[in-house]
$ cat data-v8.txt   # compact mmCIF, C-alpha atoms
# COMPACT_ATOMS: atom_id res chain seq x y z
CA MET A 24 -166.34 -138.79 4.94
CA SER A 25 -169.57 -140.74 5.25
CA PRO A 26 -172.94 -138.94 5.16
CA LEU A 27 -173.48 -139.55 8.89
CA THR A 28 -170.02 -138.23 9.70
CA ALA A 29 -170.64 -135.11 7.59
CA ARG A 30 -174.00 -134.51 9.26
CA LEU A 31 -172.59 -134.93 12.74
CA ALA A 32 -169.66 -132.65 11.92
CA ILE A 33 -171.99 -129.97 10.54
CA ALA A 34 -174.22 -130.24 13.61
CA PHE A 35 -171.28 -129.96 16.02
CA LEU A 36 -169.82 -127.07 14.01
CA GLY A 37 -173.18 -125.26 13.91
CA VAL A 38 -173.56 -125.50 17.68
CA ALA A 39 -169.99 -124.34 18.22
CA LEU A 40 -170.32 -121.40 15.81
CA ALA A 41 -173.59 -120.33 17.41
CA ALA A 42 -171.94 -120.38 20.83
CA ILE A 43 -168.94 -118.45 19.51
CA ALA A 44 -171.18 -115.86 17.84
CA VAL A 45 -173.24 -115.31 21.00
CA LEU A 46 -170.10 -115.07 23.14
CA THR A 47 -168.48 -112.62 20.68
CA VAL A 48 -171.52 -110.34 20.50
CA VAL A 49 -172.01 -110.33 24.26
CA THR A 50 -168.31 -109.67 24.84
CA LEU A 51 -168.19 -106.78 22.36
CA LEU A 52 -171.38 -105.19 23.68
CA ALA A 53 -170.19 -105.47 27.26
CA ALA A 54 -166.74 -104.16 26.36
CA ARG A 55 -168.13 -101.25 24.32
CA GLY A 56 -170.48 -100.39 27.16
CA GLY A 57 -167.61 -100.45 29.62
CA ILE A 58 -165.43 -98.32 27.37
CA ALA A 59 -168.24 -95.79 26.89
CA GLU A 60 -168.69 -95.57 30.64
CA LEU A 61 -164.94 -95.20 31.10
CA THR A 62 -164.83 -92.48 28.42
CA ASP A 63 -167.69 -90.55 30.00
CA ARG A 64 -166.05 -90.76 33.40
CA GLN A 65 -162.72 -89.58 31.98
CA GLN A 66 -164.40 -86.66 30.24
CA GLN A 67 -166.10 -85.72 33.51
CA VAL A 68 -162.73 -85.80 35.29
CA THR A 69 -161.22 -83.62 32.53
CA ALA A 70 -164.03 -81.07 32.90
CA GLU A 71 -163.56 -81.03 36.70
CA ARG A 72 -159.81 -80.45 36.33
CA ALA A 73 -160.35 -77.64 33.82
CA ALA A 74 -162.92 -76.00 36.14
CA ALA A 75 -160.47 -76.28 39.07
CA LEU A 76 -157.72 -74.63 37.00
CA ALA A 77 -160.10 -71.84 35.91
CA GLY A 78 -161.07 -71.25 39.56
CA ALA A 79 -157.40 -71.08 40.54
CA ALA A 80 -156.77 -68.54 37.75
CA TYR A 81 -159.72 -66.44 39.01
CA GLU A 82 -158.36 -66.43 42.56
CA GLU A 83 -154.84 -65.58 41.40
CA ALA A 84 -156.06 -62.60 39.32
CA ASP A 85 -158.74 -61.66 41.83
CA GLY A 86 -161.30 -61.56 39.07
CA TRP A 87 -161.97 -62.50 35.48
CA ASP A 88 -160.42 -59.43 33.90
CA ASP A 89 -156.79 -60.53 34.27
CA ALA A 90 -157.37 -64.27 34.74
CA ASP A 91 -155.12 -66.54 32.63
CA LEU A 92 -157.37 -69.37 31.44
CA ARG A 93 -154.88 -71.01 29.11
CA SER A 94 -154.09 -73.92 31.44
CA ALA A 95 -157.78 -74.83 31.70
CA VAL A 96 -158.17 -74.60 27.94
CA VAL A 97 -155.08 -76.75 27.33
CA VAL A 98 -156.29 -79.52 29.71
CA ALA A 99 -159.67 -79.75 27.97
CA SER A 100 -158.37 -79.32 24.43
CA ALA A 101 -155.71 -81.97 24.92
CA GLU A 102 -158.54 -84.51 25.20
CA GLY A 103 -160.34 -83.15 22.15
CA GLY A 104 -162.81 -80.97 24.05
CA ASP A 105 -164.22 -77.55 23.07
CA VAL A 106 -164.14 -75.25 26.17
CA ALA A 107 -166.36 -72.33 27.08
CA VAL A 108 -165.89 -70.32 30.32
CA LEU A 109 -168.89 -68.31 31.52
CA ASP A 110 -169.15 -65.80 34.35
CA ARG A 111 -171.88 -65.60 36.98
CA ASP A 112 -174.25 -63.95 34.55
CA GLY A 113 -173.75 -66.66 31.92
CA ASP A 114 -171.80 -64.43 29.57
CA VAL A 115 -169.00 -66.10 27.65
CA LEU A 116 -165.67 -64.62 28.62
CA GLU A 117 -163.41 -63.47 25.91
CA VAL A 118 -160.84 -66.26 25.45
CA GLY A 119 -159.67 -65.73 21.92
CA HIS A 120 -157.05 -68.49 21.82
CA VAL A 121 -159.56 -71.29 22.55
CA GLY A 122 -160.37 -72.07 18.91
CA GLU A 123 -156.71 -71.92 17.91
CA MET A 124 -155.71 -74.31 20.70
CA ARG A 125 -158.47 -76.74 19.78
CA GLY A 126 -157.49 -76.68 16.13
CA MET A 127 -153.84 -77.20 17.00
CA MET A 128 -154.63 -80.18 19.27
CA GLU A 129 -156.89 -81.74 16.62
CA ARG A 130 -154.17 -81.43 14.01
CA MET A 131 -151.64 -82.99 16.42
CA HIS A 132 -153.92 -85.99 17.02
CA GLY A 133 -154.93 -86.29 13.39
CA ARG A 134 -158.57 -85.48 14.08
CA HIS A 135 -161.01 -83.62 11.83
CA GLU A 136 -164.04 -81.54 12.59
CA ARG A 137 -166.68 -83.73 14.18
CA ALA A 138 -170.06 -83.18 15.78
CA LEU A 139 -169.90 -82.41 19.49
CA GLY A 140 -171.90 -84.17 22.18
CA SER A 141 -173.75 -82.81 25.20
CA PRO A 142 -171.67 -80.42 27.32
CA HIS A 143 -170.09 -81.37 30.62
CA VAL A 144 -170.99 -78.42 32.87
CA GLU A 145 -168.88 -77.80 35.97
CA PRO A 146 -169.14 -74.87 38.42
CA ILE A 147 -166.03 -72.73 38.85
CA LEU A 148 -165.37 -72.13 42.52
CA ALA A 149 -163.18 -69.49 44.12
CA GLY A 150 -162.90 -69.47 47.90
CA GLY A 151 -165.73 -71.97 47.99
CA GLU A 152 -168.09 -69.63 46.18
CA PRO A 153 -169.30 -70.10 42.58
CA VAL A 154 -167.82 -67.46 40.31
CA GLY A 155 -168.71 -68.94 36.92
CA THR A 156 -169.33 -72.06 34.85
CA LEU A 157 -167.12 -74.15 32.60
CA GLU A 158 -168.62 -76.11 29.72
CA VAL A 159 -166.66 -78.76 27.82
CA ARG A 160 -168.03 -80.44 24.71
CA PHE A 161 -166.31 -83.58 23.43
CA PRO A 162 -166.84 -85.16 20.02
CA ALA A 163 -170.09 -87.17 19.93
CA VAL A 164 -168.31 -90.14 18.31
CA GLY A 165 -164.93 -91.39 19.35
CA GLY A 166 -164.30 -89.98 22.75
CA LEU A 167 -160.84 -90.17 24.23
CA ALA A 168 -158.02 -91.32 22.01
CA ALA A 169 -156.88 -94.00 24.46
CA ALA A 170 -160.43 -95.30 24.80
CA GLU A 171 -160.80 -95.41 21.02
CA GLN A 172 -157.59 -97.37 20.68
CA LEU A 173 -158.62 -99.73 23.49
CA GLY A 174 -161.99 -100.37 21.86
CA ASP A 175 -160.45 -100.98 18.44
CA ALA A 176 -157.81 -103.33 19.88
CA LEU A 177 -160.41 -105.22 21.89
CA THR A 178 -162.64 -105.65 18.84
CA ARG A 179 -159.73 -106.96 16.75
CA ASN A 180 -158.66 -109.39 19.49
CA VAL A 181 -162.18 -110.70 20.08
CA LEU A 182 -162.80 -111.21 16.37
CA THR A 183 -159.42 -112.91 15.95
CA ALA A 184 -160.15 -115.20 18.89
CA ALA A 185 -163.59 -115.98 17.45
CA GLY A 186 -162.03 -116.89 14.12
CA LEU A 187 -159.48 -119.18 15.76
CA ALA A 188 -162.22 -120.75 17.89
CA ALA A 189 -164.32 -121.36 14.77
CA LEU A 190 -161.34 -123.02 13.06
CA LEU A 191 -160.69 -125.14 16.14
CA ALA A 192 -164.39 -126.05 16.29
CA LEU A 193 -164.25 -127.18 12.65
CA VAL A 194 -161.27 -129.45 13.33
CA ALA A 195 -162.75 -130.77 16.58
CA ALA A 196 -166.13 -131.43 14.94
CA GLY A 197 -164.47 -133.48 12.21
CA ILE A 198 -162.42 -135.48 14.71
CA VAL A 199 -165.31 -136.14 17.11
CA ALA A 200 -167.75 -137.02 14.32
CA SER A 201 -165.23 -139.39 12.80
CA ARG A 202 -164.52 -141.00 16.16
CA LEU A 203 -168.24 -141.52 16.75
CA THR A 204 -169.06 -142.92 13.32
CA ARG A 205 -166.01 -145.17 12.89
CA PRO A 206 -167.24 -147.67 15.52
CA LEU A 207 -170.73 -147.48 14.00
CA ALA A 208 -169.30 -148.50 10.64
CA ARG A 209 -167.54 -151.46 12.28
CA LEU A 210 -170.73 -152.43 14.12
CA THR A 211 -172.71 -152.22 10.89
CA GLY A 212 -170.20 -154.46 9.14
CA THR A 213 -170.36 -156.96 12.01
CA VAL A 214 -174.17 -157.06 11.95
CA GLU A 215 -174.20 -157.57 8.18
CA ALA A 216 -171.65 -160.38 8.48
CA VAL A 217 -173.67 -162.11 11.24
CA ALA A 218 -176.83 -161.72 9.16
CA ALA A 219 -175.00 -163.37 6.25
CA GLY A 220 -174.18 -166.37 8.46
CA ASP A 221 -170.62 -165.56 9.59
CA LEU A 222 -170.93 -166.19 13.34
CA GLU A 223 -167.19 -165.91 13.99
CA VAL A 224 -166.92 -162.21 13.14
CA ARG A 225 -166.59 -159.71 16.01
CA SER A 226 -166.65 -155.91 16.00
CA HIS A 227 -163.72 -155.49 18.44
CA ALA A 228 -165.01 -151.93 18.96
CA THR A 229 -165.10 -152.13 22.75
CA ASP A 230 -162.82 -149.09 22.93
CA ALA A 231 -165.55 -146.93 21.37
CA PRO A 232 -166.68 -144.01 23.54
CA GLY A 233 -169.59 -144.27 25.99
CA GLU A 234 -172.69 -146.16 24.94
CA LEU A 235 -171.10 -147.18 21.62
CA GLY A 236 -168.55 -149.26 23.51
CA THR A 237 -171.35 -150.82 25.55
CA LEU A 238 -173.27 -151.56 22.34
CA ALA A 239 -170.16 -153.13 20.80
CA GLN A 240 -169.69 -155.37 23.84
CA ALA A 241 -173.36 -156.40 23.73
CA LEU A 242 -173.10 -157.15 20.01
CA ASP A 243 -169.99 -159.27 20.48
CA ARG A 244 -171.67 -161.15 23.34
CA MET A 245 -174.70 -161.72 21.11
CA ALA A 246 -172.42 -163.10 18.39
CA ASP A 247 -170.78 -165.37 20.98
CA THR A 248 -174.20 -166.60 22.06
CA LEU A 249 -175.32 -167.19 18.48
CA GLU A 250 -172.13 -169.08 17.72
CA ARG A 251 -172.59 -171.18 20.86
CA GLN A 252 -176.24 -171.86 20.00
CA ASP A 253 -175.22 -172.87 16.49
CA GLU A 254 -172.63 -175.24 17.93
CA LEU A 255 -175.26 -176.67 20.29
CA ARG A 256 -177.71 -177.08 17.40
CA ARG A 257 -175.12 -178.94 15.36
CA ALA A 258 -174.19 -181.02 18.36
CA LEU A 259 -177.88 -181.75 19.03
CA VAL A 260 -178.38 -183.02 15.48
CA ALA A 261 -175.24 -185.14 15.72
CA ASP A 262 -176.21 -186.49 19.16
CA VAL A 263 -179.76 -187.35 18.07
CA ALA A 264 -178.42 -189.09 14.97
CA HIS A 265 -175.95 -191.01 17.10
CA GLU A 266 -178.55 -191.95 19.69
CA LEU A 267 -180.97 -193.14 17.01
CA ARG A 268 -178.40 -194.96 14.91
CA THR A 269 -177.44 -197.65 17.44
CA PRO A 270 -180.91 -198.96 18.42
CA LEU A 271 -182.11 -198.71 14.83
CA ALA A 272 -179.11 -200.66 13.59
CA ILE A 273 -179.57 -203.35 16.23
CA ALA A 274 -183.32 -203.65 15.61
CA LEU A 275 -182.81 -203.74 11.84
CA ALA A 276 -180.13 -206.41 12.10
CA GLU A 277 -182.33 -208.56 14.35
CA CYS A 278 -185.29 -208.17 11.98
CA ASP A 279 -183.15 -209.10 8.96
CA ALA A 280 -181.90 -212.18 10.80
CA LEU A 281 -185.47 -213.21 11.59
CA VAL A 282 -186.65 -212.57 8.01
CA ASP A 283 -183.73 -214.51 6.52
CA GLY A 284 -184.32 -217.38 8.92
CA VAL A 285 -180.82 -217.06 10.38
CA ARG A 286 -182.28 -216.81 13.87
CA PRO A 287 -185.53 -218.21 15.19
CA ALA A 288 -188.35 -215.86 16.15
CA ASP A 289 -188.27 -216.94 19.77
CA PRO A 290 -189.32 -214.73 22.74
CA GLU A 291 -185.67 -213.90 23.53
CA ARG A 292 -185.06 -212.38 20.07
CA LEU A 293 -188.36 -210.53 20.11
CA ALA A 294 -187.59 -209.18 23.59
CA SER A 295 -184.25 -207.87 22.32
CA ILE A 296 -185.96 -206.05 19.47
CA ARG A 297 -188.58 -204.70 21.86
CA GLU A 298 -185.82 -203.39 24.17
CA GLU A 299 -184.30 -201.37 21.34
CA ILE A 300 -187.73 -200.04 20.35
CA VAL A 301 -188.36 -198.99 23.97
CA ARG A 302 -185.00 -197.23 23.95
CA LEU A 303 -186.03 -195.33 20.84
CA ALA A 304 -189.39 -194.47 22.37
CA ARG A 305 -187.69 -193.19 25.52
CA LEU A 306 -185.34 -191.02 23.47
CA VAL A 307 -188.24 -189.56 21.47
CA GLN A 308 -190.11 -188.94 24.72
CA ASP A 309 -187.07 -187.10 26.11
CA LEU A 310 -186.83 -184.98 22.97
CA GLU A 311 -190.53 -184.13 23.24
CA ALA A 312 -190.04 -183.16 26.90
CA LEU A 313 -187.11 -180.91 25.95
CA ALA A 314 -189.09 -179.24 23.15
CA ALA A 315 -192.04 -178.72 25.49
CA ALA A 316 -189.75 -177.24 28.15
CA GLU A 317 -188.19 -174.83 25.64
CA SER A 318 -191.63 -173.57 24.65
CA ALA A 319 -193.08 -173.66 28.17
CA GLY A 320 -192.57 -169.93 28.60
CA LEU A 321 -195.11 -169.34 25.85
CA HIS A 322 -197.97 -171.18 27.55
CA LEU A 323 -197.28 -171.57 31.27
CA GLU A 324 -200.45 -171.88 33.31
CA GLU A 325 -199.16 -169.86 36.23
CA GLU A 326 -201.03 -169.55 39.49
CA PRO A 327 -200.15 -168.53 43.05
CA LEU A 328 -198.92 -171.54 44.98
CA ASP A 329 -196.84 -172.61 47.96
CA LEU A 330 -193.70 -174.33 46.70
CA GLY A 331 -193.26 -176.02 50.08
CA ASP A 332 -196.66 -177.67 49.91
CA LEU A 333 -196.14 -178.69 46.27
CA VAL A 334 -192.76 -180.29 47.01
CA GLU A 335 -194.10 -182.06 50.10
CA ASP A 336 -196.98 -183.58 48.12
CA LEU A 337 -194.74 -184.71 45.25
CA ALA A 338 -192.14 -186.12 47.62
CA ALA A 339 -194.85 -188.25 49.24
CA LEU A 340 -195.69 -189.68 45.78
CA HIS A 341 -192.05 -190.50 44.98
CA ALA A 342 -191.16 -191.87 48.43
CA PRO A 343 -192.41 -195.45 47.79
CA ARG A 344 -190.37 -195.77 44.59
CA LEU A 345 -187.24 -194.44 46.31
CA THR A 346 -187.78 -196.77 49.25
CA ALA A 347 -188.04 -199.69 46.82
CA ASP A 348 -184.67 -198.65 45.40
CA GLY A 349 -183.17 -198.71 48.87
CA LEU A 350 -182.97 -194.91 49.29
CA HIS A 351 -184.14 -192.68 52.12
CA LEU A 352 -185.87 -189.40 51.20
CA GLU A 353 -185.46 -186.58 53.70
CA VAL A 354 -187.85 -183.62 53.16
CA ASP A 355 -187.47 -180.27 54.95
CA VAL A 356 -189.69 -177.50 53.56
CA GLN A 357 -190.89 -174.03 54.52
CA ALA A 358 -193.89 -172.10 53.26
CA ALA A 359 -192.58 -170.34 50.13
CA PRO A 360 -195.06 -168.38 47.97
CA VAL A 361 -194.30 -168.37 44.24
CA ALA A 362 -196.18 -167.97 40.97
CA GLY A 363 -195.78 -170.93 38.66
CA ASP A 364 -197.23 -173.82 36.73
CA PRO A 365 -197.73 -176.72 39.20
CA LEU A 366 -197.32 -179.38 36.49
CA ARG A 367 -194.10 -177.87 35.16
CA LEU A 368 -192.64 -177.37 38.64
CA GLY A 369 -193.59 -180.95 39.46
CA GLN A 370 -191.69 -182.03 36.36
CA VAL A 371 -188.63 -180.12 37.62
CA LEU A 372 -188.69 -181.91 40.98
CA THR A 373 -189.31 -185.28 39.31
CA ASN A 374 -186.29 -184.84 37.03
CA LEU A 375 -184.06 -183.75 39.91
CA LEU A 376 -185.16 -186.74 42.03
CA THR A 377 -184.65 -189.11 39.09
CA ASN A 378 -181.16 -187.73 38.57
CA ALA A 379 -180.36 -188.06 42.29
CA THR A 380 -181.73 -191.61 42.36
CA ARG A 381 -179.53 -192.61 39.44
CA PHE A 382 -176.32 -191.65 41.25
CA SER A 383 -177.12 -192.49 44.88
CA PRO A 384 -175.93 -195.89 46.11
CA SER A 385 -178.29 -198.35 47.76
CA GLY A 386 -178.86 -197.27 51.34
CA GLY A 387 -178.08 -193.65 50.49
CA ARG A 388 -180.08 -190.54 51.33
CA ILE A 389 -181.62 -187.81 49.20
CA ASP A 390 -182.30 -184.46 50.88
CA VAL A 391 -184.96 -182.09 49.54
CA LYS A 392 -185.23 -178.63 51.08
CA VAL A 393 -187.39 -175.58 50.34
CA ARG A 394 -186.44 -172.23 51.84
CA ASP A 395 -188.40 -169.01 51.73
CA GLY A 396 -186.57 -165.86 50.72
CA ASP A 397 -185.88 -163.71 47.73
CA PRO A 398 -185.41 -165.82 45.72
CA VAL A 399 -187.20 -168.94 46.94
CA THR A 400 -184.88 -171.97 46.73
CA LEU A 401 -185.43 -175.68 46.16
CA THR A 402 -182.36 -177.81 46.92
CA VAL A 403 -181.89 -181.50 46.03
CA THR A 404 -178.76 -183.20 47.35
CA ASP A 405 -177.84 -186.81 46.51
CA ASP A 406 -175.47 -189.29 48.15
CA GLY A 407 -173.46 -190.03 45.02
CA PRO A 408 -169.86 -189.40 44.01
CA GLY A 409 -170.46 -185.80 43.03
CA ILE A 410 -169.77 -184.05 39.73
CA PRO A 411 -166.22 -183.57 38.39
CA GLU A 412 -165.27 -179.90 38.40
CA ASP A 413 -164.68 -179.83 34.65
CA GLU A 414 -168.23 -181.14 34.04
CA LEU A 415 -170.08 -178.62 36.24
CA PRO A 416 -170.44 -175.96 33.46
CA HIS A 417 -171.97 -178.57 31.11
CA VAL A 418 -174.45 -180.54 33.21
CA PHE A 419 -177.47 -178.59 31.92
CA GLU A 420 -176.53 -178.91 28.24
CA ARG A 421 -178.60 -181.14 25.99
CA PHE A 422 -177.39 -184.74 25.71
CA TRP A 423 -174.44 -184.09 28.01
CA GLN A 424 -173.51 -187.46 29.49
CA GLY A 425 -170.45 -186.91 31.59
CA ARG A 426 -170.91 -188.93 34.73
CA SER A 427 -174.31 -190.14 33.45
CA ALA A 428 -172.78 -192.05 30.55
CA THR A 429 -172.52 -195.13 32.75
CA ALA A 430 -175.82 -194.52 34.57
CA GLY A 431 -178.24 -194.99 31.71
CA GLY A 432 -179.26 -191.36 31.26
CA SER A 433 -180.07 -189.66 27.97
CA GLY A 434 -178.63 -186.26 28.93
CA VAL A 435 -181.99 -184.50 28.52
CA GLY A 436 -183.52 -184.42 32.02
CA LEU A 437 -181.35 -181.63 33.44
CA ALA A 438 -181.67 -179.63 30.22
CA VAL A 439 -185.44 -179.76 30.74
CA VAL A 440 -184.96 -178.51 34.32
CA ALA A 441 -182.88 -175.55 33.09
CA GLU A 442 -185.44 -174.61 30.43
CA LEU A 443 -188.37 -174.75 32.87
CA ALA A 444 -186.45 -172.71 35.43
CA ARG A 445 -185.85 -169.99 32.84
CA ALA A 446 -189.50 -170.15 31.78
CA HIS A 447 -190.49 -169.33 35.37
CA GLY A 448 -188.05 -166.40 35.54
CA GLY A 449 -185.64 -168.34 37.73
CA ALA A 450 -182.39 -170.27 37.41
CA VAL A 451 -180.83 -173.57 38.43
CA HIS A 452 -177.26 -174.22 39.58
CA ALA A 453 -175.22 -177.36 40.17
CA THR A 454 -172.46 -177.76 42.70
CA ASN A 455 -170.88 -180.38 44.92
CA ALA A 456 -172.03 -180.60 48.52
CA PRO A 457 -169.18 -180.12 51.02
CA GLU A 458 -169.85 -183.42 52.79
CA ARG A 459 -171.16 -185.64 49.98
CA GLY A 460 -172.70 -185.96 46.52
CA ALA A 461 -174.05 -183.39 44.08
CA ARG A 462 -176.36 -180.52 44.95
CA PHE A 463 -178.86 -178.87 42.59
CA ILE A 464 -180.36 -175.51 43.59
CA LEU A 465 -183.46 -174.12 41.87
CA GLU A 466 -184.14 -170.42 42.44
CA LEU A 467 -187.57 -168.86 41.74
CA PRO A 468 -188.81 -165.29 42.22
CA ARG A 469 -190.79 -164.86 45.42
CA ARG A 470 -194.45 -163.93 44.92
$ encode --input "data-v8.txt" --output "structure tokens"
Amino acid sequence: MSPLTARLAIAFLGVALAAIAVLTVVTLLAARGGIAELTDRQQQVTAERAAALAGAAYEEADGWDDADLRSAVVVASAEGGDVAVLDRDGDVLEVGHVGEMRGMMERMHGRHERALGSPHVEPILAGGEPVGTLEVRFPAVGGLAAAEQLGDALTRNVLTAAGLAALLALVAAGIVASRLTRPLARLTGTVEAVAAGDLEVRSHATDAPGELGTLAQALDRMADTLERQDELRRALVADVAHELRTPLAIALAECDALVDGVRPADPERLASIREEIVRLARLVQDLEALAAAESAGLHLEEEPLDLGDLVEDLAALHAPRLTADGLHLEVDVQAAPVAGDPLRLGQVLTNLLTNATRFSPSGGRIDVKVRDGDPVTLTVTDDGPGIPEDELPHVFERFWQGRSATAGGSGVGLAVVAELARAHGGAVHATNAPERGARFILELPRR
């Protein structure tokens, strides 16, 4: 048993034992109080019966001189009481067999001499008139035999039940504490493994109770994300190396040929080398843009702005270039208040328009729409062939060149869009328009 398991088990057991102790004490006190009340009531009833029998004896003998009080004495003595019958003047009547009867009854019930409590005084009535008084004193401790037995049995049963409950609490505390700490041990092992660099390990503790199961799911999702990020990082290094290798190799080969005199240093050869250098410069520029987008959330210069106005102004700047490429730009905007960095949001629209331009045929149309709502949306739809369904989940990944492999893209522009959208607290989605081309939807929180 681990230290945490032992501590939890002790805590659970302590709470359970405290509850059992309180319940036991309250139950015994309540039961003893009820038994005492029952005993007092039974003693009162016994005294009333004995007084009624004494009154009947008085009426039958027409006075105390010949009255037979044995029945009254027997009723009281049978319950352990000491009886005294007094006349109107308070004188004790001569009943010589009272002490003998009491002693006989005590010996029959196995009782010994005990201190007597306060007397139960009952008037003796004959013909509705008081003719004397009957006093019955019961033992101060014990009371009726049946009540004593009931109290003893109840105490034994309550204590037995408390002991069984304590044993059950001990077992339950151990089981519950173990069930709670076992997933924690697995989670700890998973965290240590991830910290050591093993990104494939998973806790598989999703069946843990309550918040522990939720924590296990979150931890496994975090491990999935870390593994995916590690794969992307490795892929990024490989893609950058691949992208740099080809132009460098071509430029180096051309330079070697020029140095060795194999080829003349004419403008055509120099232009070829320059083209490869420009390709390298463009790739480095794209990498810088991606790095800047990833860190944009740290230094965004946000300000209140109308996304509709911003898009309309930028579209007017891009319209001549698109017209030169044989494309028609259709702009439909609404006033849409957001909080953002105008330069970064302009970069988002520029990248989306560049992507749409790359895939729209000559004579095609690009639609740009801004709609107010919660969230505010910017939609760019091109006139191209659309995006294959299997490529939709990957279009915002770095250096992904599915359909763009034949369109001259570097696979960085849409990754920059996704990073800037996240930096602004929004998101971007790609889908295929029902009627034509691809559709990109940027969502931003409404100010």
$ residues_around --input "data-v8.txt" --residues "segment 99-106 of chain A" --least-positions-apart "2" --cutoff "6 Å" --atoms "all atoms listed in the file" --output "MDAnalysis selection string"
chainID A and resid 96:97 125 158:161
$ atom_distance --input "data-v8.txt" --atom1 "atom CA of Gly409 of chain A" --atom2 "atom CA of His351 of chain A"
17.8 Å
$ residues_around --input "data-v8.txt" --residues "Pro411 of chain A" --least-positions-apart "2" --cutoff "12 Å" --atoms "all atoms listed in the file" --output "list of chain:residue names"
A:Gly407, A:Pro408, A:Gly409, A:Asp413, A:Glu414, A:Leu415, A:Pro416, A:His417, A:Val418, A:Gly425, A:Arg426, A:Ser427, A:Ala453, A:Thr454, A:Asn455, A:Gly460, A:Ala461
$ atom_distance --input "data-v8.txt" --atom1 "atom CA of Thr69 of chain A" --atom2 "atom CA of Val98 of chain A"
7.0 Å
$ residues_around --input "data-v8.txt" --residues "Ala90 of chain A" --least-positions-apart "4" --cutoff "9 Å" --atoms "only C-alpha atoms" --output "list in words"
Ala77, Ala79, Ala80, Tyr81, Glu82, Glu83, Ala84, Asp85 and Gly86 of chain A
$ residues_around --input "data-v8.txt" --residues "His322 of chain A" --least-positions-apart "6" --cutoff "10 Å" --atoms "only C-alpha atoms" --output "number ranges by chain"
A: 315, 364, 446
$ decode --input "data-v8.txt" --residues "segment 89-102 of chain A" --atoms "N, CA and C atoms" --output "mmCIF file, in the first residue's frame"
data_model
loop_
_atom_site.group_PDB
_atom_site.id
_atom_site.type_symbol
_atom_site.label_atom_id
_atom_site.label_comp_id
_atom_site.auth_asym_id
_atom_site.auth_seq_id
_atom_site.Cartn_x
_atom_site.Cartn_y
_atom_site.Cartn_z
ATOM 1 N N ASP A 89 -61.207 -5.727 57.810
ATOM 2 C CA ASP A 89 -61.220 -7.080 57.254
ATOM 3 C C ASP A 89 -60.800 -7.119 55.787
ATOM 4 N N ALA A 90 -60.238 -6.025 55.288
ATOM 5 C CA ALA A 90 -59.872 -5.977 53.869
ATOM 6 C C ALA A 90 -58.664 -6.878 53.581
ATOM 7 N N ASP A 91 -58.792 -7.658 52.495
ATOM 8 C CA ASP A 91 -57.704 -8.557 52.061
ATOM 9 C C ASP A 91 -56.876 -7.833 50.985
ATOM 10 N N LEU A 92 -55.696 -7.374 51.399
ATOM 11 C CA LEU A 92 -54.855 -6.575 50.493
ATOM 12 C C LEU A 92 -53.784 -7.399 49.781
ATOM 13 N N ARG A 93 -53.898 -8.712 49.866
ATOM 14 C CA ARG A 93 -52.834 -9.531 49.268
ATOM 15 C C ARG A 93 -52.739 -9.378 47.744
ATOM 16 N N SER A 94 -53.890 -9.268 47.069
ATOM 17 C CA SER A 94 -53.830 -9.136 45.610
ATOM 18 C C SER A 94 -53.093 -7.863 45.194
ATOM 19 N N ALA A 95 -53.348 -6.766 45.907
ATOM 20 C CA ALA A 95 -52.650 -5.514 45.596
ATOM 21 C C ALA A 95 -51.156 -5.644 45.847
ATOM 22 N N VAL A 96 -50.812 -6.321 46.950
ATOM 23 C CA VAL A 96 -49.394 -6.497 47.271
ATOM 24 C C VAL A 96 -48.716 -7.378 46.221
ATOM 25 N N VAL A 97 -49.402 -8.439 45.794
ATOM 26 C CA VAL A 97 -48.801 -9.350 44.812
ATOM 27 C C VAL A 97 -48.547 -8.634 43.479
ATOM 28 N N VAL A 98 -49.514 -7.800 43.023
ATOM 29 C CA VAL A 98 -49.349 -7.089 41.747
ATOM 30 C C VAL A 98 -48.124 -6.188 41.781
ATOM 31 N N ALA A 99 -47.952 -5.434 42.903
ATOM 32 C CA ALA A 99 -46.811 -4.530 42.997
ATOM 33 C C ALA A 99 -45.505 -5.275 43.212
ATOM 34 N N SER A 100 -45.540 -6.297 44.059
ATOM 35 C CA SER A 100 -44.309 -7.031 44.366
ATOM 36 C C SER A 100 -43.811 -7.828 43.179
ATOM 37 N N ALA A 101 -44.749 -8.272 42.320
ATOM 38 C CA ALA A 101 -44.331 -9.045 41.155
ATOM 39 C C ALA A 101 -43.435 -8.233 40.233
ATOM 40 N N GLU A 102 -43.552 -6.913 40.269
ATOM 41 C CA GLU A 102 -42.711 -6.038 39.458
ATOM 42 C C GLU A 102 -41.542 -5.465 40.241
#
